[in-house]
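**Q** Pasting input-v5.cif here (mmCIF, C-alpha atoms):
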data_query
loop_
_atom_site.label_atom_id
_atom_site.label_comp_id
_atom_site.auth_asym_id
_atom_site.auth_seq_id
_atom_site.Cartn_x
_atom_site.Cartn_y
_atom_site.Cartn_z
CA MET A 24 3.60 -28.15 20.56
CA TYR A 25 4.06 -24.69 22.01
CA ASP A 26 0.80 -23.30 23.40
CA PRO A 27 0.86 -19.55 24.08
CA GLY A 28 -2.36 -19.83 26.05
CA ILE A 29 -4.15 -16.90 24.43
CA ILE A 30 -7.50 -16.39 22.82
CA ASN A 31 -7.13 -15.23 19.25
CA PRO A 32 -10.13 -13.20 18.02
CA GLU A 33 -11.98 -14.47 14.96
CA THR A 34 -10.54 -11.69 12.81
CA GLY A 35 -7.03 -12.14 14.24
CA TYR A 36 -4.82 -9.46 15.73
CA LEU A 37 -3.64 -6.71 13.39
CA VAL A 38 0.08 -7.04 12.59
CA VAL A 39 1.89 -3.94 11.31
CA GLU A 40 5.34 -4.43 9.76
CA GLY A 41 7.70 -1.90 8.24
CA PHE A 42 9.03 1.55 9.00
CA ILE A 43 8.61 5.14 7.87
CA ASN A 44 11.54 5.60 5.49
CA SER A 45 13.28 8.96 5.63
CA GLY A 46 15.85 7.86 3.05
CA SER A 47 15.91 7.62 -0.72
CA GLU A 48 13.47 4.71 -1.04
CA PRO A 49 9.65 4.73 -0.79
CA THR A 50 7.95 3.76 2.46
CA SER A 51 6.28 0.35 2.47
CA ILE A 52 4.05 -1.02 5.24
CA SER A 53 2.65 -4.56 5.52
CA LEU A 54 -0.70 -5.13 7.24
CA SER A 55 -1.86 -8.64 8.09
CA ARG A 56 -3.86 -10.59 10.65
CA THR A 57 -2.62 -13.31 12.95
CA THR A 58 -3.96 -16.81 12.41
CA LYS A 59 -5.03 -19.52 14.80
CA LEU A 60 -2.66 -22.38 15.55
CA THR A 61 -5.13 -24.73 13.86
CA GLU A 62 -5.03 -22.81 10.57
CA ASN A 63 -2.67 -23.90 7.82
CA ILE A 64 -1.91 -20.47 6.37
CA PHE A 65 0.90 -18.16 7.38
CA SER A 66 -0.92 -14.83 7.23
CA LYS A 67 -4.06 -13.03 6.17
CA PRO A 68 -3.39 -9.73 4.39
CA GLU A 69 -5.40 -6.76 5.63
CA LEU A 70 -7.23 -5.44 2.57
CA ASN A 71 -8.85 -2.09 1.72
CA ALA A 72 -7.19 -0.12 4.50
CA SER A 73 -6.37 3.59 4.40
CA VAL A 74 -2.76 4.22 5.45
CA THR A 75 -1.09 7.61 5.94
CA VAL A 76 2.08 9.01 7.46
CA GLU A 77 1.27 12.02 9.65
CA GLY A 78 3.61 14.70 10.99
CA ASP A 79 3.04 16.70 14.16
CA ASP A 80 3.12 19.72 11.82
CA ASN A 81 -0.25 18.48 10.43
CA LYS A 82 1.23 17.45 7.07
CA SER A 83 0.49 13.93 5.83
CA PHE A 84 1.52 11.48 3.11
CA SER A 85 -0.78 8.80 1.70
CA LEU A 86 0.27 5.21 1.06
CA VAL A 87 -1.57 3.17 -1.56
CA SER A 88 -2.18 -0.56 -1.88
CA THR A 89 0.43 -2.08 -4.20
CA SER A 90 -0.35 -5.75 -3.50
CA PRO A 91 -2.56 -7.58 -0.99
CA GLY A 92 -1.72 -6.20 2.45
CA ILE A 93 1.14 -3.99 1.21
CA TYR A 94 0.77 -0.19 1.28
CA SER A 95 3.49 1.99 -0.22
CA SER A 96 4.27 5.59 -1.07
CA ALA A 97 4.57 6.38 -4.76
CA GLN A 98 7.96 7.99 -4.17
CA PRO A 99 10.38 8.68 -1.29
CA LEU A 100 8.88 10.82 1.46
CA THR A 101 10.29 14.29 2.02
CA LEU A 102 10.49 14.42 5.80
CA ASN A 103 11.58 17.27 8.06
CA THR A 104 14.18 16.39 10.70
CA ALA A 105 12.51 18.86 13.08
CA VAL A 106 9.15 17.06 12.82
CA GLN A 107 7.97 13.85 14.47
CA TYR A 108 5.93 11.38 12.42
CA ARG A 109 3.53 8.52 13.03
CA LEU A 110 1.59 5.94 11.04
CA LYS A 111 -2.20 6.13 10.87
CA ILE A 112 -4.31 3.20 9.71
CA ASN A 113 -8.05 3.06 9.06
CA THR A 114 -9.24 -0.49 8.37
CA ALA A 115 -12.25 -1.55 6.35
CA ASN A 116 -14.15 -2.50 9.52
CA GLY A 117 -14.02 1.13 10.70
CA ASN A 118 -11.25 0.87 13.29
CA GLU A 119 -8.46 3.43 13.55
CA TYR A 120 -4.89 2.68 14.61
CA VAL A 121 -1.96 5.03 15.22
CA SER A 122 1.68 4.52 16.12
CA ALA A 123 3.48 6.73 18.61
CA TYR A 124 5.16 9.81 17.15
CA SER A 125 8.82 9.21 16.32
CA SER A 126 11.76 11.41 15.38
CA ILE A 127 13.97 10.45 12.45
CA LYS A 128 16.60 7.96 13.59
CA HIS A 129 19.72 7.80 11.43
CA SER A 130 21.70 4.61 11.08
CA PRO A 131 25.49 4.65 10.81
CA VAL A 132 26.81 3.29 7.52
CA ILE A 133 27.59 -0.38 7.10
CA ASP A 134 31.37 -0.52 7.20
CA SER A 135 31.63 -3.77 5.27
CA ILE A 136 30.10 -7.12 4.43
CA THR A 137 32.63 -9.91 4.78
CA TRP A 138 32.55 -13.67 4.37
CA LYS A 139 34.52 -16.72 5.42
CA ARG A 140 34.52 -20.36 4.43
CA GLU A 141 33.52 -22.05 7.65
CA ASN A 142 30.94 -24.36 9.19
CA GLY A 143 30.67 -26.42 6.02
CA GLY A 144 30.02 -23.52 3.66
CA VAL A 145 30.25 -19.73 3.50
CA GLN A 146 29.33 -17.54 6.48
CA ILE A 147 28.47 -13.91 5.72
CA TYR A 148 29.00 -11.14 8.29
CA VAL A 149 27.94 -7.51 8.63
CA ASN A 150 30.35 -5.03 10.20
CA ASN A 151 29.71 -1.51 11.49
CA HIS A 152 30.59 0.97 14.19
CA ASP A 153 29.11 4.10 15.77
CA ASP A 154 31.39 7.11 16.22
CA ASN A 155 29.62 8.03 19.46
CA PRO A 156 31.34 5.79 22.04
CA ASN A 157 28.99 6.79 24.86
CA GLU A 158 25.72 5.83 23.18
CA LYS A 159 24.62 2.22 23.00
CA SER A 160 23.35 1.20 19.59
CA TYR A 161 20.53 -1.12 18.56
CA TYR A 162 20.05 -2.49 15.05
CA ARG A 163 17.89 -4.64 12.85
CA TRP A 164 19.04 -6.06 9.53
CA THR A 165 17.25 -7.51 6.53
CA PHE A 166 18.79 -8.87 3.37
CA GLN A 167 18.04 -10.03 -0.15
CA GLU A 168 20.10 -12.64 -1.95
CA ILE A 169 20.27 -12.97 -5.75
CA TRP A 170 22.21 -15.65 -7.59
CA GLU A 171 22.79 -16.44 -11.24
CA ILE A 172 21.59 -19.73 -12.68
CA ARG A 173 22.85 -21.24 -15.91
CA SER A 174 21.30 -24.14 -17.73
CA THR A 175 23.43 -27.23 -18.14
CA TYR A 176 22.80 -27.25 -21.89
CA LEU A 177 22.39 -24.46 -24.44
CA SER A 178 19.63 -25.20 -26.94
CA ASN A 179 19.09 -23.97 -30.48
CA LEU A 180 16.02 -26.11 -31.23
CA LYS A 181 12.30 -25.90 -30.65
CA TYR A 182 9.30 -28.11 -31.28
CA GLU A 183 7.16 -27.39 -34.33
CA THR A 184 3.48 -28.11 -33.65
CA ASN A 185 0.53 -29.07 -35.82
CA THR A 186 -2.83 -27.32 -35.89
CA SER A 187 -3.86 -29.24 -32.77
CA GLY A 188 -0.88 -27.90 -30.86
CA ASN A 189 0.94 -31.23 -30.69
CA PRO A 190 4.68 -31.33 -31.43
CA VAL A 191 5.53 -33.13 -34.68
CA ARG A 192 9.25 -32.39 -35.14
CA VAL A 193 12.07 -30.13 -34.03
CA ILE A 194 13.39 -27.22 -36.06
CA TYR A 195 15.96 -24.52 -35.46
CA LYS A 196 14.62 -21.80 -33.20
CA TYR A 197 16.28 -19.03 -35.22
CA PRO A 198 17.10 -18.87 -38.95
CA ASP A 199 20.83 -18.48 -38.23
CA GLN A 200 20.72 -21.59 -36.00
CA SER A 201 21.99 -19.57 -33.02
CA PRO A 202 21.23 -20.79 -29.48
CA ASP A 203 18.49 -19.34 -27.28
CA TYR A 204 20.26 -17.54 -24.45
CA SER A 205 16.95 -16.54 -22.86
CA MET A 206 16.76 -20.10 -21.53
CA TYR A 207 20.41 -20.22 -20.48
CA TYR A 208 20.91 -17.23 -18.14
CA CYS A 209 18.51 -16.77 -15.22
CA TRP A 210 18.42 -15.33 -11.71
CA GLN A 211 16.76 -16.46 -8.50
CA ASN A 212 16.31 -14.50 -5.28
CA SER A 213 15.48 -14.97 -1.62
CA ARG A 214 14.72 -12.59 1.25
CA SER A 215 15.66 -12.90 4.89
CA ALA A 216 13.07 -14.80 6.89
CA ASN A 217 14.50 -14.51 10.39
CA ILE A 218 14.59 -11.46 12.65
CA LEU A 219 18.22 -10.29 12.75
CA LEU A 220 19.12 -8.05 15.68
CA GLY A 221 22.28 -6.66 17.21
CA SER A 222 23.20 -4.38 20.09
CA THR A 223 26.33 -2.85 21.62
CA GLU A 224 24.57 -2.66 24.99
CA ARG A 225 26.88 -5.23 26.59
CA LEU A 226 29.96 -4.54 24.48
CA SER A 227 32.98 -2.50 25.51
CA GLN A 228 33.06 -0.79 22.10
CA ASN A 229 30.35 0.48 19.77
CA VAL A 230 31.36 -2.07 17.13
CA ILE A 231 29.24 -4.79 15.52
CA TYR A 232 30.53 -7.96 13.82
CA LEU A 233 27.52 -10.20 13.29
CA PRO A 234 26.85 -13.37 11.26
CA ILE A 235 23.95 -12.68 8.89
CA THR A 236 23.44 -15.83 6.83
CA HIS A 237 25.13 -19.11 5.98
CA ILE A 238 25.36 -20.77 2.55
CA GLN A 239 25.75 -24.53 2.68
CA GLN A 240 28.65 -26.12 0.78
CA GLY A 241 27.62 -27.09 -2.76
CA SER A 242 24.57 -24.79 -2.83
CA ILE A 243 23.39 -23.52 -6.22
CA LYS A 244 23.66 -19.99 -4.81
CA LEU A 245 27.41 -19.96 -5.44
CA GLY A 246 27.26 -22.08 -8.58
CA VAL A 247 28.03 -19.05 -10.80
CA LEU A 248 27.71 -15.64 -9.15
CA TYR A 249 26.03 -14.63 -5.91
CA SER A 250 25.08 -11.25 -4.48
CA ILE A 251 23.66 -10.14 -1.14
CA GLU A 252 22.33 -6.70 -0.23
CA ILE A 253 22.04 -6.00 3.49
CA LYS A 254 19.83 -3.22 4.84
CA GLN A 255 20.47 -1.80 8.29
CA HIS A 256 18.03 0.06 10.55
CA ALA A 257 18.97 1.83 13.76
CA LEU A 258 16.38 1.15 16.47
CA SER A 259 15.32 2.74 19.70
CA LYS A 260 15.69 0.61 22.82
CA ASN A 261 11.92 0.09 22.89
CA ALA A 262 11.86 -1.08 19.27
CA TYR A 263 14.81 -3.39 19.90
CA ASP A 264 13.06 -4.96 22.89
CA PHE A 265 9.90 -5.43 20.81
CA TYR A 266 11.73 -7.22 18.00
CA LEU A 267 13.73 -9.26 20.48
CA GLN A 268 10.51 -10.55 22.03
CA MET A 269 9.07 -11.23 18.58
CA LYS A 270 12.24 -13.13 17.67
CA LYS A 271 11.84 -15.34 20.74
CA ASN A 272 8.21 -15.99 19.87
CA THR A 273 9.11 -16.74 16.26
CA GLU A 274 11.67 -19.33 17.28
CA GLN A 275 8.95 -21.10 19.25
CA LEU A 276 6.10 -20.77 16.77
CA GLY A 277 7.72 -20.86 13.35
CA SER A 278 7.22 -17.48 11.62
CA ILE A 279 6.34 -13.88 12.34
CA PHE A 280 2.93 -14.53 10.78
CA ASP A 281 2.02 -17.21 13.29
CA PRO A 282 -0.12 -16.31 16.31
CA GLN A 283 1.85 -14.21 18.79
CA PRO A 284 1.46 -14.15 22.57
CA SER A 285 -0.67 -11.34 23.92
CA ASP A 286 2.19 -9.63 25.78
CA LEU A 287 3.87 -8.70 22.48
CA ARG A 288 2.92 -5.02 22.44
CA GLY A 289 4.60 -2.37 20.34
CA ASN A 290 3.91 1.33 19.91
CA ILE A 291 0.63 1.00 17.98
CA THR A 292 -2.78 1.45 19.57
CA CYS A 293 -6.36 1.23 18.38
CA THR A 294 -7.94 4.62 19.08
CA SER A 295 -11.45 3.32 18.42
CA ASN A 296 -10.98 0.34 20.76
CA PRO A 297 -8.08 1.02 23.18
CA GLY A 298 -8.25 -2.48 24.65
CA GLU A 299 -7.58 -4.17 21.30
CA ILE A 300 -4.20 -5.88 20.95
CA VAL A 301 -2.09 -4.64 18.03
CA ILE A 302 1.24 -6.19 17.07
CA GLY A 303 3.86 -3.89 15.58
CA HIS A 304 6.39 -1.18 16.24
CA VAL A 305 6.79 1.60 13.68
CA GLU A 306 9.52 4.26 13.79
CA VAL A 307 11.10 6.71 11.37
CA ASN A 308 14.39 5.37 10.02
CA LYS A 309 16.94 6.25 7.40
CA GLU A 310 18.21 2.85 6.38
CA GLU A 311 21.72 2.11 5.18
CA ASN A 312 22.52 -0.62 2.70
CA LYS A 313 25.50 -2.32 1.12
CA ARG A 314 25.94 -5.04 -1.52
CA ILE A 315 28.70 -7.51 -2.28
CA PHE A 316 29.26 -10.18 -4.95
CA ILE A 317 30.90 -13.58 -4.57
CA TYR A 318 32.06 -15.42 -7.70
CA ASN A 319 32.26 -19.18 -7.92
CA SER A 320 35.97 -18.78 -8.71
CA GLN A 321 36.44 -17.29 -5.22
CA VAL A 322 35.30 -20.54 -3.59
CA PRO A 323 37.41 -23.25 -5.27
CA GLY A 324 36.07 -26.74 -4.83
CA TRP A 325 32.58 -25.45 -4.10
CA GLY A 326 31.11 -28.64 -5.51
CA TYR A 327 27.80 -27.53 -7.00
CA SER A 328 26.71 -29.96 -9.67
CA ARG A 329 23.48 -30.95 -11.35
CA PHE A 330 22.94 -34.38 -12.87
CA CYS A 331 21.47 -33.99 -16.33
CA ASP A 332 21.40 -37.02 -18.59
CA ILE A 333 21.11 -36.71 -22.36
CA VAL A 334 18.91 -38.87 -24.55
CA SER A 335 18.79 -39.23 -28.31
CA ILE A 336 15.38 -38.84 -29.97
CA ALA A 337 14.40 -39.50 -33.57
CA ASN A 338 12.93 -36.42 -35.20
CA ASN A 339 9.45 -37.76 -35.85
CA GLU A 340 6.08 -37.24 -34.21
CA ARG A 341 5.85 -40.65 -32.54
CA SER A 342 9.29 -40.48 -30.92
CA ILE A 343 8.72 -36.94 -29.75
CA ILE A 344 5.33 -37.76 -28.20
CA GLU A 345 6.92 -40.68 -26.35
CA ASN A 346 9.58 -38.36 -24.91
CA LEU A 347 7.66 -35.20 -24.07
CA GLN A 348 9.36 -35.05 -20.66
CA TYR A 349 12.50 -33.89 -22.46
CA MET A 350 13.41 -30.61 -24.15
CA PRO A 351 15.47 -30.53 -27.38
CA ILE A 352 19.09 -29.37 -27.24
CA ALA A 353 20.88 -29.76 -30.59
CA PRO A 354 20.86 -31.87 -33.78
CA GLU A 355 22.69 -35.20 -33.68
CA GLU A 356 22.14 -36.67 -37.15
CA PHE A 357 21.06 -35.17 -40.46
CA ASN A 358 19.18 -36.53 -43.46
CA LEU A 359 20.70 -36.26 -46.93
CA ASP A 360 18.63 -33.15 -47.58
CA GLY A 361 20.13 -31.45 -44.51
CA SER A 362 17.04 -31.78 -42.33
CA ILE A 363 17.40 -32.97 -38.75
CA LYS A 364 17.17 -36.77 -38.41
CA SER A 365 17.69 -37.01 -34.65
CA PHE A 366 18.49 -34.67 -31.80
CA SER A 367 19.79 -34.67 -28.25
CA ALA A 368 17.47 -33.76 -25.39
CA SER A 369 17.39 -33.51 -21.62
CA ALA A 370 15.04 -32.66 -18.76
CA GLY A 371 13.43 -29.23 -18.90
CA THR A 372 15.20 -28.08 -15.73
CA CYS A 373 18.53 -28.80 -17.46
CA VAL A 374 17.70 -26.91 -20.66
CA ASP A 375 15.42 -24.04 -19.65
CA CYS A 376 16.60 -22.11 -16.59
CA GLN A 377 13.23 -20.35 -16.44
CA THR A 378 11.94 -23.45 -14.65
CA ARG A 379 14.12 -22.33 -11.70
CA GLY A 380 14.22 -18.54 -11.95
CA SER A 381 13.63 -15.44 -14.06
CA ASN A 382 15.57 -14.58 -17.20
CA ILE A 383 15.26 -10.85 -16.48
CA LYS A 384 18.75 -9.68 -15.62
CA PRO A 385 19.00 -7.37 -12.57
CA SER A 386 20.10 -3.87 -13.56
CA PHE A 387 23.11 -4.00 -11.23
CA TRP A 388 24.40 -7.39 -12.40
CA PRO A 389 28.06 -7.12 -13.45
CA ASN A 390 28.30 -9.61 -16.33
#
Using the file provided, produce a representation of the structure as structure tokens.

**A**
Amino acid sequence: MYDPGIINPETGYLVVEGFINSGSEPTSISLSRTTKLTENIFSKPELNASVTVEGDDNKSFSLVSTSPGIYSSAQPLTLNTAVQYRLKINTANGNEYVSAYSSIKHSPVIDSITWKRENGGVQIYVNNHDDNPNEKSYYRWTFQEIWEIRSTYLSNLKYETNTSGNPVRVIYKYPDQSPDYSMYYCWQNSRSANILLGSTERLSQNVIYLPITHIQQGSIKLGVLYSIEIKQHALSKNAYDFYLQMKKNTEQLGSIFDPQPSDLRGNITCTSNPGEIVIGHVEVNKEENKRIFIYNSQVPGWGYSRFCDIVSIANNERSIIENLQYMPIAPEEFNLDGSIKSFSASAGTCVDCQTRGSNIKPSFWPN
């Protein structure tokens, strides 16, 4: 086991993540505390803090708590390019922390997101360039993946229950016997977990072509339709060096929320206790983003499959109780009066996609 050889205070070191966003999105800052190697939790959110963005023109913007440890502006910040800004944090224990003042740093646009079938799956790349050939560029990327999930079977039945709430038979879910599409179409998402960095410092041209993420052959992500949005931040050399050191620590320890070695200093200090270690580097950035979609038809032979067996169940209370691990799909046999005599059924994960994602369709989804 890696042992950084440091003494972690009982409250943990304050970790500040995020950036002051000068673009069209709100600013969001995460505050947490490091944990000891013996603890089995990834992070401890810093609660009840006061967080503001301050300009050297004495104007300020307040961030409010939107979830445990997350502090966000209600709307995009209107920042002046002639002004430098910093982050100010007052924690519940009375300590004050400030980042160094920073000018707005603009990122060049992402030229393209490309992908190739290689390494036993699909490799996704980000591509960009800086028109200033004499200035070395430093970047950090984050991404969010979203993919569509479809149930194996489309159901038009539901269980009817008695006054005790126990299922007694199946009936049609809707009077017109139409299927329930709310259980058929769903979406799942995932955010980047690793620190993704790039630099043109040792390149002959100010051009970046960097692998961002890899999707293993047969993954559910490309079972129907997949989308990835990549966000790009231009960094100062100091910020790049900070994240590079954090990346090295992360690869040894497991996650950015694990205890970090004491030499990982950023641009944040504790004004009420200057000797206190603070982990984080906050600058003012205008992020750039780009999104692509990949259809299953674009990766022939992808090979995603899900084994879902079908069983036949008699439409009576005893049979249903004996097979509660299954969800109804469709009628199989009918009685002379037209009522359902038996029905097909399968595992819940094969019938209701909400067991694996959300049925709320993203606003940007194309189909």

**Q** Would you please work out which residue, of A:Ile363, A:Asn338, A:Arg329, A:Thr378, is nearest to A:Pro190 when using all atoms listed in the file?

**A**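 For A:Pro190, the nearest of the given residues is A:Asn338.
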
**Q** Pick out the closest residue to A:Tyr195 from this set: A:Pro351, A:Pro91, A:Gly303, A:Gly289. Count only C-alpha atoms.

**A**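 Residue with the minimum atom-to-atom distance to A:Tyr195: A:Pro351.
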
**Q** Which of these residues is nearest to A:Cys293, using all atoms listed in the file: A:Arg173, A:Lys82, A:Lys111, A:Lys260?

**A**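 Selected residue with least distance to A:Cys293: A:Lys111.
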
**Q** Mind telling me what the PyMOL selection byres ((chain A and resi 161) around 8) catches here, as a list of chain:residue names?

**A** A:Lys159, A:Ser160, A:Tyr162, A:Arg163, A:Leu220, A:Gly221, A:Ser222, A:Thr223, A:Glu224, A:Ala257, A:Leu258, A:Ser259, A:Lys260, A:Tyr263

**Q** So that I have them on file, write out the residues from the current selection with C-alpha atoms, as a PDB file, in the frame of the given file.

**A**
ATOM      1  CA  LYS A 159      24.620   2.220  23.000  1.00  0.00           C
ATOM      2  CA  SER A 160      23.350   1.200  19.590  1.00  0.00           C
ATOM      3  CA  TYR A 162      20.050  -2.490  15.050  1.00  0.00           C
ATOM      4  CA  ARG A 163      17.890  -4.640  12.850  1.00  0.00           C
ATOM      5  CA  LEU A 220      19.120  -8.050  15.680  1.00  0.00           C
ATOM      6  CA  GLY A 221      22.280  -6.660  17.210  1.00  0.00           C
ATOM      7  CA  SER A 222      23.200  -4.380  20.090  1.00  0.00           C
ATOM      8  CA  THR A 223      26.330  -2.850  21.620  1.00  0.00           C
ATOM      9  CA  GLU A 224      24.570  -2.660  24.990  1.00  0.00           C
ATOM     10  CA  ALA A 257      18.970   1.830  13.760  1.00  0.00           C
ATOM     11  CA  LEU A 258      16.380   1.150  16.470  1.00  0.00           C
ATOM     12  CA  SER A 259      15.320   2.740  19.700  1.00  0.00           C
ATOM     13  CA  LYS A 260      15.690   0.610  22.820  1.00  0.00           C
ATOM     14  CA  TYR A 263      14.810  -3.390  19.900  1.00  0.00           C
TER      15      TYR A 263
END

**Q** Kindly indicate which residue among A:Glu340, A:Glu310, A:Glu356, A:Glu171 lies nearest to A:Gly380, using only C-alpha atoms for the distances.

**A**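 When distances to A:Gly380 are compared using only C-alpha atoms, the smallest one comes from A:Glu171.
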
**Q** Would you write out, as a PyMOL selection string, every residue that the PyMOL selection byres ((chain A and resi 44) around 12) captures in this file?

**A** chain A and resi 41-43+45-52+76+84+95-96+98-103+108-110+125-130+255-257+305-311

**Q** Nearest to A:Cys376 among A:Tyr176, A:Tyr318, A:Tyr249, A:Tyr197, with distances taken over all atoms listed in the file: which residue is it?

**A**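 Of A:Tyr176, A:Tyr318, A:Tyr249, A:Tyr197, the one nearest A:Cys376 is A:Tyr176, counting all atoms listed in the file.
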
**Q** Counting all atoms listed in the file, which residues have an atom no more than 10 Å from (-9.2, -5.1, 14.9) in the file's coordinates? Please list them as JSON, numbers by chain.

**A** {"A": [32, 33, 34, 35, 36, 37, 38, 56, 114, 115, 116, 117, 118, 119, 120, 293, 295, 296, 299, 300, 301]}

**Q** Using the selection just defined, write its residues with C-alpha atoms as a PDB file, in the coordinates of the input.

**A**
ATOM      1  CA  PRO A  32     -10.130 -13.200  18.020  1.00  0.00           C
ATOM      2  CA  GLU A  33     -11.980 -14.470  14.960  1.00  0.00           C
ATOM      3  CA  THR A  34     -10.540 -11.690  12.810  1.00  0.00           C
ATOM      4  CA  GLY A  35      -7.030 -12.140  14.240  1.00  0.00           C
ATOM      5  CA  TYR A  36      -4.820  -9.460  15.730  1.00  0.00           C
ATOM      6  CA  LEU A  37      -3.640  -6.710  13.390  1.00  0.00           C
ATOM      7  CA  VAL A  38       0.080  -7.040  12.590  1.00  0.00           C
ATOM      8  CA  ARG A  56      -3.860 -10.590  10.650  1.00  0.00           C
ATOM      9  CA  THR A 114      -9.240  -0.490   8.370  1.00  0.00           C
ATOM     10  CA  ALA A 115     -12.250  -1.550   6.350  1.00  0.00           C
ATOM     11  CA  ASN A 116     -14.150  -2.500   9.520  1.00  0.00           C
ATOM     12  CA  GLY A 117     -14.020   1.130  10.700  1.00  0.00           C
ATOM     13  CA  ASN A 118     -11.250   0.870  13.290  1.00  0.00           C
ATOM     14  CA  GLU A 119      -8.460   3.430  13.550  1.00  0.00           C
ATOM     15  CA  TYR A 120      -4.890   2.680  14.610  1.00  0.00           C
ATOM     16  CA  CYS A 293      -6.360   1.230  18.380  1.00  0.00           C
ATOM     17  CA  SER A 295     -11.450   3.320  18.420  1.00  0.00           C
ATOM     18  CA  ASN A 296     -10.980   0.340  20.760  1.00  0.00           C
ATOM     19  CA  GLU A 299      -7.580  -4.170  21.300  1.00  0.00           C
ATOM     20  CA  ILE A 300      -4.200  -5.880  20.950  1.00  0.00           C
ATOM     21  CA  VAL A 301      -2.090  -4.640  18.030  1.00  0.00           C
TER      22      VAL A 301
END

**Q** Which residues, named as in the file, does the PyMOL selection byres ((chain A and resi 243-246) around 8) pick out? Answer as a list in words.

**A**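 This file, filtered by the PyMOL selection byres ((chain A and resi 243-246) around 8), leaves Ile169, Trp170, Glu171, Ile172, Ile238, Gly241, Ser242, Val247, Leu248, Tyr249, Ile317, Tyr318, Asn319, Trp325, Tyr327 and Ser328 of chain A.
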
**Q** Using all atoms listed in the file, which residue out of A:Leu233, A:Cys373, A:Thr294, A:Gln348 lies closest to A:Trp138?

**A**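 With all atoms listed in the file as the atom set, the closest residue is A:Leu233.
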
**Q** Mind giving me the axis-aligned box for stretch 334-337 of chain A with 3 Å on every side, centre plus edges in Å to one decimal, as AutoDock Vina command-line options?

**A**
--center_x 16.7 --center_y -39.2 --center_z -29.1 --size_x 10.5 --size_y 6.7 --size_z 15.0

**Q** Rounded to one decimal in Å, what is the spacing between atom CA of A:Gln377 and atom CA of A:Ala337?

**A**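 Pair atom CA of A:Gln377 / atom CA of A:Ala337 returns 25.7 Å.
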
**Q** Between atom CA of A:Gln239 and atom CA of A:Gln146, what is the distance, to one decimal in Å?

**A**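 Atom CA of A:Gln146 lies at a distance of 8.7 Å from atom CA of A:Gln239.
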
**Q** Please, what distance in Å, to one decimal, runs between atom CA of A:Gln167 and atom CA of A:Ile383?

**A** 16.6 Å

**Q** Please write as a ChimeraX atom specification the list of polymer residues whose atoms come within 12 Å of (22.3, -36.6, -14.9), counting all atoms listed in the file and keeping to the coordinates of the file.

**A** /A:175-176,328-334,368-370,372-373
